[in-house]
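A short write-up of the structure that comes next.
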Amino acid sequence: MPQPGNTPDKVTQALRICGLLLAAAVMLTLDTGRGGVVHLLLLPLALALAAWMILRSLLAVALAGMLMAAVHADLSAADWLTARAYPLISFVCAASVAVILSRRFRRYIRATRRARRQQQAQRRPHPVEQQSPDP
């Protein structure tokens, strides 16, 4: 049961439902043994889009896409999909993962520094309190 302050809005719910429907449609039509651009490239990309619509996490989709494309890549294959498209998809996903993680790391470091500065400012005595009374 969702928390009262944590309920997803209607747009997010509609996006997730559309993602589930898209994923179901792709799973029903996908046949990797059949070959061709539609079954080996377009439908898996549509499934990645559906996963993003459901999860709303680009990092999770990029990690999965990177691993799946890297596993299916074969640089010595005669087929352009496995020799060129899958390595390119894997590289783009790896770059996306690197950018996302570096941004998260920088944001975390920035928040840590800000909190440390606030703690130091709270520990310092106020300038008026430091003055000694005149005798």
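Residues in the structure tokens are named by chain (A, B, ... in the order shown) and by number from 1 within that chain; ligands are numbered from 1 in the order shown.
Residues in contact range of Leu42 (chain A), defined as at most 12 Å between only C-alpha atoms, with sequence neighbours fewer than 4 positions away removed, read A:Val26, A:Thr29, A:Leu30, A:Asp31, A:Thr32, A:Gly35, A:Gly36, A:Val37, A:Val38, A:Ala46, A:Leu47, A:Ala48, A:Leu49, A:Leu81, A:Ala85, A:Tyr86.
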Would you write out those residues with N, CA and C atoms, as an mmCIF file, in the first residue's frame?
```cif
data_model
loop_
_atom_site.group_PDB
_atom_site.id
_atom_site.type_symbol
_atom_site.label_atom_id
_atom_site.label_comp_id
_atom_site.auth_asym_id
_atom_site.auth_seq_id
_atom_site.Cartn_x
_atom_site.Cartn_y
_atom_site.Cartn_z
ATOM 1 N N VAL A 26 5.967 -6.659 -26.858
ATOM 2 C CA VAL A 26 7.283 -7.042 -27.374
ATOM 3 C C VAL A 26 7.559 -8.505 -27.061
ATOM 4 N N THR A 29 5.785 -10.807 -29.440
ATOM 5 C CA THR A 29 6.200 -10.803 -30.844
ATOM 6 C C THR A 29 7.681 -11.097 -31.053
ATOM 7 N N LEU A 30 8.478 -11.038 -30.022
ATOM 8 C CA LEU A 30 9.920 -11.221 -30.153
ATOM 9 C C LEU A 30 10.266 -12.674 -30.459
ATOM 10 N N ASP A 31 11.069 -12.853 -31.489
ATOM 11 C CA ASP A 31 11.559 -14.180 -31.865
ATOM 12 C C ASP A 31 12.999 -14.005 -32.329
ATOM 13 N N THR A 32 13.940 -14.186 -31.420
ATOM 14 C CA THR A 32 15.341 -13.930 -31.744
ATOM 15 C C THR A 32 15.910 -14.946 -32.732
ATOM 16 N N GLY A 35 15.796 -13.788 -36.732
ATOM 17 C CA GLY A 35 16.770 -12.909 -37.383
ATOM 18 C C GLY A 35 16.105 -11.660 -37.923
ATOM 19 N N GLY A 36 16.909 -10.808 -38.481
ATOM 20 C CA GLY A 36 16.391 -9.571 -39.051
ATOM 21 C C GLY A 36 16.509 -8.409 -38.085
ATOM 22 N N VAL A 37 16.425 -7.223 -38.640
ATOM 23 C CA VAL A 37 16.597 -6.004 -37.862
ATOM 24 C C VAL A 37 15.483 -5.830 -36.833
ATOM 25 N N VAL A 38 14.270 -6.168 -37.214
ATOM 26 C CA VAL A 38 13.137 -5.953 -36.304
ATOM 27 C C VAL A 38 13.280 -6.812 -35.050
ATOM 28 N N ALA A 46 12.824 -1.507 -28.084
ATOM 29 C CA ALA A 46 11.484 -1.194 -27.571
ATOM 30 C C ALA A 46 11.299 -1.783 -26.173
ATOM 31 N N LEU A 47 11.871 -2.943 -25.930
ATOM 32 C CA LEU A 47 11.806 -3.540 -24.599
ATOM 33 C C LEU A 47 12.604 -2.711 -23.584
ATOM 34 N N ALA A 48 13.716 -2.157 -24.007
ATOM 35 C CA ALA A 48 14.483 -1.269 -23.129
ATOM 36 C C ALA A 48 13.682 -0.003 -22.816
ATOM 37 N N LEU A 49 12.989 0.534 -23.806
ATOM 38 C CA LEU A 49 12.127 1.687 -23.583
ATOM 39 C C LEU A 49 11.005 1.342 -22.604
ATOM 40 N N LEU A 81 24.681 -6.422 -37.441
ATOM 41 C CA LEU A 81 24.070 -6.209 -36.132
ATOM 42 C C LEU A 81 24.992 -6.653 -35.001
ATOM 43 N N ALA A 85 26.426 -2.991 -34.523
ATOM 44 C CA ALA A 85 25.358 -2.359 -33.736
ATOM 45 C C ALA A 85 25.447 -2.716 -32.254
ATOM 46 N N TYR A 86 25.637 -3.981 -31.930
ATOM 47 C CA TYR A 86 25.705 -4.378 -30.524
ATOM 48 C C TYR A 86 26.909 -3.772 -29.793
#
```
Counting only C-alpha atoms, give me one row per residue of region 84-132 of chain A with an atom at most 8 Å from an atom of region 58-74 of chain A, showing the shortest contact pair and its distance in Å to one decimal, sorted by chain then residue number, as a tab-separated table.
```
residue	atom	partner	partner_atom	distance
A:Arg84	CA	A:Ala73	CA	7.9
A:Tyr86	CA	A:Ala69	CA	4.9
A:Pro87	CA	A:Ala73	CA	5.7
A:Ile89	CA	A:Ala69	CA	6.3
A:Ser90	CA	A:Met66	CA	4.3
A:Phe91	CA	A:Met66	CA	7.1
A:Val92	CA	A:Met66	CA	7.9
A:Cys93	CA	A:Ala62	CA	4.9
A:Ala94	CA	A:Met66	CA	5.9
A:Ser96	CA	A:Ala62	CA	6.7
A:Val97	CA	A:Leu59	CA	6.0
A:Ile100	CA	A:Leu59	CA	6.9
```
Convert the current residue selection to file output with N, CA and C atoms, as an mmCIF file, in the first residue's frame.
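Heads up, here's the output in again_14.cif:
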```
data_model
loop_
_atom_site.group_PDB
_atom_site.id
_atom_site.type_symbol
_atom_site.label_atom_id
_atom_site.label_comp_id
_atom_site.auth_asym_id
_atom_site.auth_seq_id
_atom_site.Cartn_x
_atom_site.Cartn_y
_atom_site.Cartn_z
ATOM 1 N N ARG A 84 28.626 -4.642 -35.475
ATOM 2 C CA ARG A 84 28.714 -3.188 -35.350
ATOM 3 C C ARG A 84 27.682 -2.587 -34.389
ATOM 4 N N TYR A 86 25.637 -3.981 -31.930
ATOM 5 C CA TYR A 86 25.705 -4.378 -30.524
ATOM 6 C C TYR A 86 26.909 -3.772 -29.793
ATOM 7 N N PRO A 87 28.109 -3.758 -30.394
ATOM 8 C CA PRO A 87 29.217 -3.068 -29.701
ATOM 9 C C PRO A 87 28.959 -1.571 -29.526
ATOM 10 N N ILE A 89 25.972 -0.108 -29.201
ATOM 11 C CA ILE A 89 24.976 0.016 -28.131
ATOM 12 C C ILE A 89 25.644 -0.194 -26.775
ATOM 13 N N SER A 90 26.507 -1.176 -26.690
ATOM 14 C CA SER A 90 27.213 -1.437 -25.437
ATOM 15 C C SER A 90 28.086 -0.252 -25.037
ATOM 16 N N PHE A 91 28.762 0.348 -25.990
ATOM 17 C CA PHE A 91 29.605 1.510 -25.702
ATOM 18 C C PHE A 91 28.777 2.705 -25.251
ATOM 19 N N VAL A 92 27.665 2.977 -25.936
ATOM 20 C CA VAL A 92 26.792 4.104 -25.573
ATOM 21 C C VAL A 92 26.213 3.895 -24.173
ATOM 22 N N CYS A 93 25.795 2.675 -23.880
ATOM 23 C CA CYS A 93 25.257 2.382 -22.544
ATOM 24 C C CYS A 93 26.338 2.517 -21.472
ATOM 25 N N ALA A 94 27.548 2.062 -21.767
ATOM 26 C CA ALA A 94 28.648 2.188 -20.798
ATOM 27 C C ALA A 94 28.976 3.657 -20.544
ATOM 28 N N SER A 96 26.868 6.116 -20.820
ATOM 29 C CA SER A 96 25.742 6.638 -20.038
ATOM 30 C C SER A 96 25.888 6.275 -18.564
ATOM 31 N N VAL A 97 26.272 5.042 -18.295
ATOM 32 C CA VAL A 97 26.475 4.604 -16.908
ATOM 33 C C VAL A 97 27.575 5.432 -16.254
ATOM 34 N N ILE A 100 26.219 9.000 -15.545
ATOM 35 C CA ILE A 100 25.237 8.996 -14.456
ATOM 36 C C ILE A 100 25.924 8.800 -13.112
#
```
- prompt: So which one's closest to Ala23 (chain A), A:Ala77, A:Ile109, A:Ile54, A:Val11? Using only C-alpha atoms, please.
  reply: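 Checking each candidate against Ala23 (chain A), we get A:Ile54 as the closest.
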query: Please, what distance in Å, to one decimal, runs between CA of Thr12 (chain A) and CA of Leu45 (chain A)?
result: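 Going from CA of Thr12 (chain A) over to CA of Leu45 (chain A) covers 20.8 Å.
Rounded to one decimal, CA of Arg16 (chain A) and CA of His39 (chain A) lie 23.4 Å from each other.
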